[in-house]
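coords14.txt follows; it contains compact mmCIF, C-alpha atoms.
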# COMPACT_ATOMS: atom_id res chain seq x y z
CA MET A 1 25.62 -19.91 -110.77
CA THR A 2 26.95 -18.06 -113.80
CA LEU A 3 29.56 -15.41 -113.23
CA PRO A 4 28.63 -11.94 -114.49
CA PRO A 5 30.64 -10.78 -117.53
CA ASP A 6 32.49 -8.15 -115.47
CA ASP A 7 33.52 -10.53 -112.67
CA PRO A 8 37.28 -9.93 -112.06
CA LEU A 9 38.09 -13.65 -112.16
CA ARG A 10 36.19 -14.13 -115.40
CA VAL A 11 37.88 -11.07 -116.94
CA GLY A 12 41.27 -12.32 -115.74
CA HIS A 13 40.64 -15.75 -117.22
CA ALA A 14 39.74 -14.15 -120.55
CA ARG A 15 43.06 -12.25 -120.49
CA PHE A 16 44.88 -15.49 -119.64
CA ARG A 17 43.23 -17.35 -122.55
CA ALA A 18 43.97 -14.52 -124.99
CA GLY A 19 47.56 -13.96 -123.82
CA THR A 20 49.40 -16.62 -121.84
CA TRP A 21 47.32 -19.56 -123.05
CA ALA A 22 47.58 -18.51 -126.68
CA ARG A 23 51.38 -18.27 -126.38
CA GLU A 24 51.84 -21.36 -124.19
CA ALA A 25 49.16 -23.77 -125.48
CA ASP A 26 51.77 -26.32 -126.56
CA ARG A 27 53.39 -26.28 -123.10
CA TYR A 28 50.02 -26.83 -121.39
CA ALA A 29 49.22 -29.66 -123.83
CA ARG A 30 52.55 -31.34 -122.94
CA LEU A 31 51.85 -30.88 -119.22
CA ALA A 32 48.40 -32.44 -119.64
CA ARG A 33 49.84 -35.55 -121.33
CA ARG A 34 52.20 -36.51 -118.50
CA PRO A 35 52.15 -36.64 -114.71
CA GLN A 36 53.57 -33.68 -112.88
CA ARG A 37 57.34 -33.81 -112.31
CA PRO A 38 58.36 -30.85 -110.19
CA THR A 39 61.81 -31.02 -108.62
CA THR A 40 61.07 -28.40 -105.97
CA ALA A 41 58.36 -28.13 -103.33
CA VAL A 42 57.71 -24.69 -101.87
CA VAL A 43 55.90 -24.14 -98.57
CA ALA A 44 54.68 -20.56 -98.51
CA CYS A 45 52.20 -18.28 -96.81
CA SER A 46 48.68 -17.97 -98.17
CA ASP A 47 49.09 -14.17 -98.19
CA ALA A 48 47.56 -12.85 -101.41
CA ARG A 49 50.59 -10.59 -101.96
CA LEU A 50 53.02 -13.51 -102.15
CA ASP A 51 53.11 -15.74 -105.23
CA PRO A 52 55.99 -18.26 -105.32
CA GLN A 53 55.63 -18.94 -109.04
CA THR A 54 55.98 -15.21 -109.80
CA ILE A 55 58.82 -14.64 -107.29
CA PHE A 56 60.89 -17.49 -108.75
CA ASP A 57 59.79 -16.75 -112.33
CA ALA A 58 58.84 -20.43 -112.60
CA ASP A 59 56.92 -22.06 -115.40
CA PRO A 60 53.79 -24.15 -114.87
CA GLY A 61 54.84 -27.58 -113.65
CA ASP A 62 58.13 -26.41 -112.08
CA LEU A 63 56.99 -26.00 -108.48
CA PHE A 64 54.82 -28.07 -106.16
CA VAL A 65 53.40 -25.28 -103.98
CA VAL A 66 51.90 -25.77 -100.52
CA ARG A 67 50.33 -22.66 -99.03
CA ASN A 68 48.90 -22.06 -95.60
CA VAL A 69 48.60 -19.28 -93.03
CA ALA A 70 52.12 -18.03 -92.15
CA GLY A 71 53.68 -20.81 -94.28
CA LEU A 72 54.02 -22.99 -91.19
CA VAL A 73 55.23 -26.57 -91.14
CA PRO A 74 53.79 -28.48 -88.19
CA PRO A 75 55.84 -31.16 -86.46
CA TYR A 76 55.39 -34.75 -87.60
CA ALA A 77 52.26 -36.07 -85.87
CA PRO A 78 50.60 -38.95 -87.73
CA ASP A 79 47.09 -39.69 -86.51
CA ARG A 80 43.62 -39.90 -88.01
CA GLY A 81 43.24 -36.12 -88.14
CA CYS A 82 43.31 -34.03 -91.29
CA HIS A 83 46.77 -32.60 -91.89
CA GLY A 84 46.81 -30.73 -95.19
CA THR A 85 50.37 -29.43 -95.07
CA SER A 86 51.79 -32.74 -93.81
CA ALA A 87 49.88 -34.66 -96.49
CA ALA A 88 51.20 -32.33 -99.21
CA LEU A 89 54.76 -32.76 -97.94
CA GLU A 90 54.38 -36.54 -97.92
CA TYR A 91 53.05 -36.43 -101.47
CA ALA A 92 55.91 -34.19 -102.62
CA VAL A 93 58.66 -36.26 -101.01
CA ARG A 94 57.38 -39.83 -101.17
CA ILE A 95 55.33 -39.77 -104.39
CA LEU A 96 56.76 -36.96 -106.54
CA LYS A 97 60.28 -37.42 -105.12
CA VAL A 98 61.14 -33.73 -105.20
CA ARG A 99 64.82 -33.01 -104.67
CA ARG A 100 64.34 -29.77 -102.80
CA ILE A 101 61.99 -28.17 -100.27
CA VAL A 102 62.05 -24.40 -99.94
CA LEU A 103 60.31 -22.63 -97.07
CA LEU A 104 59.32 -19.18 -98.28
CA GLY A 105 58.55 -16.61 -95.61
CA HIS A 106 57.93 -12.94 -96.20
CA SER A 107 57.93 -9.52 -94.60
CA GLY A 108 54.69 -8.19 -93.15
CA CYS A 109 53.20 -11.64 -92.55
CA ASP A 110 49.64 -11.16 -91.28
CA GLY A 111 49.70 -14.53 -89.48
CA VAL A 112 52.77 -13.52 -87.49
CA HIS A 113 51.26 -10.08 -86.87
CA ALA A 114 48.08 -11.65 -85.48
CA MET A 115 50.12 -14.01 -83.32
CA THR A 116 52.27 -11.24 -81.85
CA HIS A 117 49.46 -8.77 -81.21
CA GLY A 118 47.26 -10.85 -79.01
CA PRO A 119 44.89 -13.77 -79.27
CA LEU A 120 43.00 -14.44 -82.45
CA ARG A 121 39.64 -13.96 -80.72
CA ASN A 122 37.50 -14.11 -83.85
CA ALA A 123 39.17 -17.18 -85.35
CA GLN A 124 39.55 -19.94 -82.79
CA ASP A 125 38.07 -22.90 -84.65
CA PHE A 126 41.17 -23.60 -86.75
CA LEU A 127 43.36 -20.49 -86.97
CA GLY A 128 44.17 -20.16 -83.28
CA PRO A 129 45.35 -23.77 -82.91
CA TRP A 130 47.23 -23.51 -86.22
CA MET A 131 49.19 -20.46 -85.07
CA ASP A 132 49.94 -22.25 -81.78
CA ILE A 133 52.49 -24.23 -83.83
CA ALA A 134 54.65 -21.09 -83.80
CA GLU A 135 54.22 -20.35 -80.07
CA PRO A 136 57.69 -21.70 -79.15
CA VAL A 137 59.33 -18.80 -81.00
CA MET A 138 57.56 -16.36 -78.69
CA TRP A 139 58.95 -18.10 -75.60
CA SER A 140 62.54 -17.87 -76.77
CA MET A 141 62.42 -14.45 -78.49
CA ARG A 142 65.20 -12.10 -77.43
CA GLU A 143 66.05 -8.57 -78.47
CA PRO A 144 66.19 -8.53 -82.28
CA PRO A 145 69.50 -7.76 -83.99
CA PRO A 146 70.14 -4.08 -84.83
CA GLY A 147 68.18 -2.99 -87.88
CA THR A 148 65.63 -5.78 -87.47
CA SER A 149 62.10 -5.20 -86.24
CA VAL A 150 60.59 -7.46 -83.60
CA GLU A 151 58.11 -8.80 -86.18
CA GLY A 152 60.93 -9.37 -88.68
CA ALA A 153 62.86 -11.34 -86.07
CA ILE A 154 59.75 -13.38 -85.29
CA GLU A 155 59.14 -14.03 -89.01
CA ASP A 156 62.73 -15.35 -89.26
CA ALA A 157 62.26 -17.45 -86.11
CA VAL A 158 59.04 -18.94 -87.48
CA LEU A 159 60.90 -19.95 -90.66
CA LYS A 160 63.66 -21.57 -88.57
CA LEU A 161 61.07 -23.42 -86.48
CA SER A 162 59.36 -24.71 -89.64
CA LEU A 163 62.75 -25.88 -90.92
CA GLU A 164 63.30 -27.76 -87.64
CA ASN A 165 59.79 -29.21 -87.91
CA LEU A 166 60.51 -30.47 -91.45
CA ARG A 167 63.28 -32.59 -89.97
CA THR A 168 60.84 -34.29 -87.59
CA PHE A 169 59.30 -36.10 -90.58
CA PRO A 170 61.33 -39.33 -90.78
CA TRP A 171 61.16 -39.62 -94.57
CA ILE A 172 62.32 -35.99 -94.95
CA ARG A 173 65.09 -36.40 -92.38
CA ASP A 174 66.28 -39.63 -94.04
CA ALA A 175 66.18 -38.15 -97.54
CA GLU A 176 68.19 -35.13 -96.38
CA ARG A 177 70.78 -37.35 -94.65
CA GLU A 178 71.09 -39.44 -97.81
CA ARG A 179 71.49 -36.25 -99.88
CA ARG A 180 68.40 -36.99 -101.93
CA LEU A 181 66.72 -33.85 -100.60
CA VAL A 182 67.91 -30.32 -99.86
CA LEU A 183 66.06 -28.12 -97.36
CA SER A 184 66.27 -24.33 -97.26
CA ALA A 185 64.44 -21.34 -95.83
CA TRP A 186 64.21 -17.97 -97.55
CA ARG A 187 62.52 -14.70 -96.67
CA PHE A 188 61.05 -12.42 -99.34
CA SER A 189 60.74 -8.67 -98.82
CA LEU A 190 57.46 -7.40 -100.21
CA ALA A 191 58.79 -3.85 -100.21
CA THR A 192 62.10 -4.43 -102.04
CA GLY A 193 61.63 -7.74 -103.86
CA GLU A 194 64.83 -9.06 -102.26
CA LEU A 195 65.21 -12.66 -101.20
CA SER A 196 67.44 -13.63 -98.30
CA ALA A 197 68.43 -17.10 -97.16
CA LEU A 198 68.30 -17.99 -93.47

Let me see whether you can do it: turn the structure in this file into structure tokens.
Amino acid sequence: MTLPPDDPLRVGHARFRAGTWAREADRYARLARRPQRPTTAVVACSDARLDPQTIFDADPGDLFVVRNVAGLVPPYAPDRGCHGTSAALEYAVRILKVRRIVLLGHSGCDGVHAMTHGPLRNAQDFLGPWMDIAEPVMWSMREPPPGTSVEGAIEDAVLKLSLENLRTFPWIRDAERERRLVLSAWRFSLATGELSAL
């Protein structure tokens, strides 16, 4: 199927080719000649308003980005199932040998909102079980600190849980202990553009 001339993606690609590509063609040619060598992996939410490359003002090739609903990291659970986030983490750490993993949460996370406002009735095939990863934060949630909304506190707690889950992967835990890998969790405010470390 051919895209119509006014398709937003086609128009955007034309702008990219005329602007960014024209200015950066040499960089892309260099990237095409060698394997990727990012030093940082970022696990972020799939939310269309959040773009790690833009937030960190990174160049193509700088970041190995893993995106999923709510930016969750599941616990280590090797089996014959399909585990996209776990597979990407294994690739980043064991194959690419990144030196850093950043968990990037954000304000107004729709995944957290859906989790906190009742069951995901219309999305039980994959989304419901996926968000169940974050259920433990709901069990232990207390009154949020002054100036923090309940959802903001849950978003922070989800980030902390994902950080704990990262350490259940033996090759991540070992690399961190041996100081070959640094783990961190940050929260981005969509409204202010500020980034805060947990």

Original post:
Of the candidates A:Leu127, A:Ala32, A:Leu195, A:Met138, which shows the shortest atom-to-atom distance to A:Ser107, using all atoms listed in the file?
Top reply: A:Leu195

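For A:Gly128, the set of protein, DNA and RNA residues having any atom at most 12 Å away, when counting all atoms listed in the file and skipping those fewer than 2 positions along the same chain, is Val69, Gly111, Val112, Ala114, Met115, Gly118, Pro119, Leu120, Arg121, Asn122, Ala123, Gln124, Asp125, Phe126, Trp130, Met131, Asp132, Ile133, Ala134 and Glu135 of chain A.
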
Quick one: residues within 12 Å of stretch 49-51 of chain A, only C-alpha atoms counted, chain neighbours fewer than 2 positions away excluded, as a PDB file with C-alpha atoms, in the frame of the given file?
ATOM      1  CA  VAL A  42      57.710 -24.690-101.870  1.00  0.00           C
ATOM      2  CA  VAL A  43      55.900 -24.140 -98.570  1.00  0.00           C
ATOM      3  CA  ALA A  44      54.680 -20.560 -98.510  1.00  0.00           C
ATOM      4  CA  CYS A  45      52.200 -18.280 -96.810  1.00  0.00           C
ATOM      5  CA  SER A  46      48.680 -17.970 -98.170  1.00  0.00           C
ATOM      6  CA  ASP A  47      49.090 -14.170 -98.190  1.00  0.00           C
ATOM      7  CA  GLN A  53      55.630 -18.940-109.040  1.00  0.00           C
ATOM      8  CA  THR A  54      55.980 -15.210-109.800  1.00  0.00           C
ATOM      9  CA  ILE A  55      58.820 -14.640-107.290  1.00  0.00           C
ATOM     10  CA  PHE A  56      60.890 -17.490-108.750  1.00  0.00           C
ATOM     11  CA  ASP A  57      59.790 -16.750-112.330  1.00  0.00           C
ATOM     12  CA  ALA A  58      58.840 -20.430-112.600  1.00  0.00           C
ATOM     13  CA  LEU A  63      56.990 -26.000-108.480  1.00  0.00           C
ATOM     14  CA  VAL A  65      53.400 -25.280-103.980  1.00  0.00           C
ATOM     15  CA  VAL A  66      51.900 -25.770-100.520  1.00  0.00           C
ATOM     16  CA  ARG A  67      50.330 -22.660 -99.030  1.00  0.00           C
ATOM     17  CA  ASN A  68      48.900 -22.060 -95.600  1.00  0.00           C
ATOM     18  CA  VAL A  69      48.600 -19.280 -93.030  1.00  0.00           C
ATOM     19  CA  ALA A  70      52.120 -18.030 -92.150  1.00  0.00           C
ATOM     20  CA  GLY A  71      53.680 -20.810 -94.280  1.00  0.00           C
ATOM     21  CA  LEU A 104      59.320 -19.180 -98.280  1.00  0.00           C
ATOM     22  CA  GLY A 105      58.550 -16.610 -95.610  1.00  0.00           C
ATOM     23  CA  HIS A 106      57.930 -12.940 -96.200  1.00  0.00           C
ATOM     24  CA  SER A 107      57.930  -9.520 -94.600  1.00  0.00           C
ATOM     25  CA  GLY A 108      54.690  -8.190 -93.150  1.00  0.00           C
ATOM     26  CA  CYS A 109      53.200 -11.640 -92.550  1.00  0.00           C
ATOM     27  CA  ASP A 110      49.640 -11.160 -91.280  1.00  0.00           C
ATOM     28  CA  ARG A 187      62.520 -14.700 -96.670  1.00  0.00           C
ATOM     29  CA  PHE A 188      61.050 -12.420 -99.340  1.00  0.00           C
ATOM     30  CA  SER A 189      60.740  -8.670 -98.820  1.00  0.00           C
ATOM     31  CA  LEU A 190      57.460  -7.400-100.210  1.00  0.00           C
ATOM     32  CA  ALA A 191      58.790  -3.850-100.210  1.00  0.00           C
ATOM     33  CA  GLY A 193      61.630  -7.740-103.860  1.00  0.00           C
TER      34      GLY A 193
END

Subject >> Distance of atom CA of A:Arg167 from atom CA of A:Gln36, expressed in Å to one decimal place >> reply: 24.9 Å

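For the atom pair formed by atom CA of A:Ala25 and atom CA of A:Leu9, the distance is 20.1 Å, given to one decimal.
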
Original post:
For A:Tyr91, which residue out of A:Val182, A:Ala41, A:Ile154, A:Leu3 is the nearest one, using only C-alpha atoms?
Top reply: A:Ala41

**OP:** Quick one: residues within 9 Å of (70.1, -15.3, -99.3) (file frame), counting only C-alpha atoms, please, as a list in words.
**Re:**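 Output: Ala185, Trp186, Arg187, Glu194, Leu195, Ser196, Ala197 and Leu198 of chain A.
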
Would you mind exporting the chosen residues as a PDB file, in the frame of the given file, restricted to C-alpha atoms?
ATOM      1  CA  ALA A 185      64.440 -21.340 -95.830  1.00  0.00           C
ATOM      2  CA  TRP A 186      64.210 -17.970 -97.550  1.00  0.00           C
ATOM      3  CA  ARG A 187      62.520 -14.700 -96.670  1.00  0.00           C
ATOM      4  CA  GLU A 194      64.830  -9.060-102.260  1.00  0.00           C
ATOM      5  CA  LEU A 195      65.210 -12.660-101.200  1.00  0.00           C
ATOM      6  CA  SER A 196      67.440 -13.630 -98.300  1.00  0.00           C
ATOM      7  CA  ALA A 197      68.430 -17.100 -97.160  1.00  0.00           C
ATOM      8  CA  LEU A 198      68.300 -17.990 -93.470  1.00  0.00           C
TER       9      LEU A 198
END

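Separating atom CA of A:Ser149 from atom CA of A:His113 is a distance of 11.9 Å.
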
Original post:
Which is closer to A:Asn165 than all the others in A:Val93, A:Val98, A:His117, A:Tyr76, using all atoms listed in the file?
Top reply: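 The closest residue to A:Asn165 is A:Tyr76.
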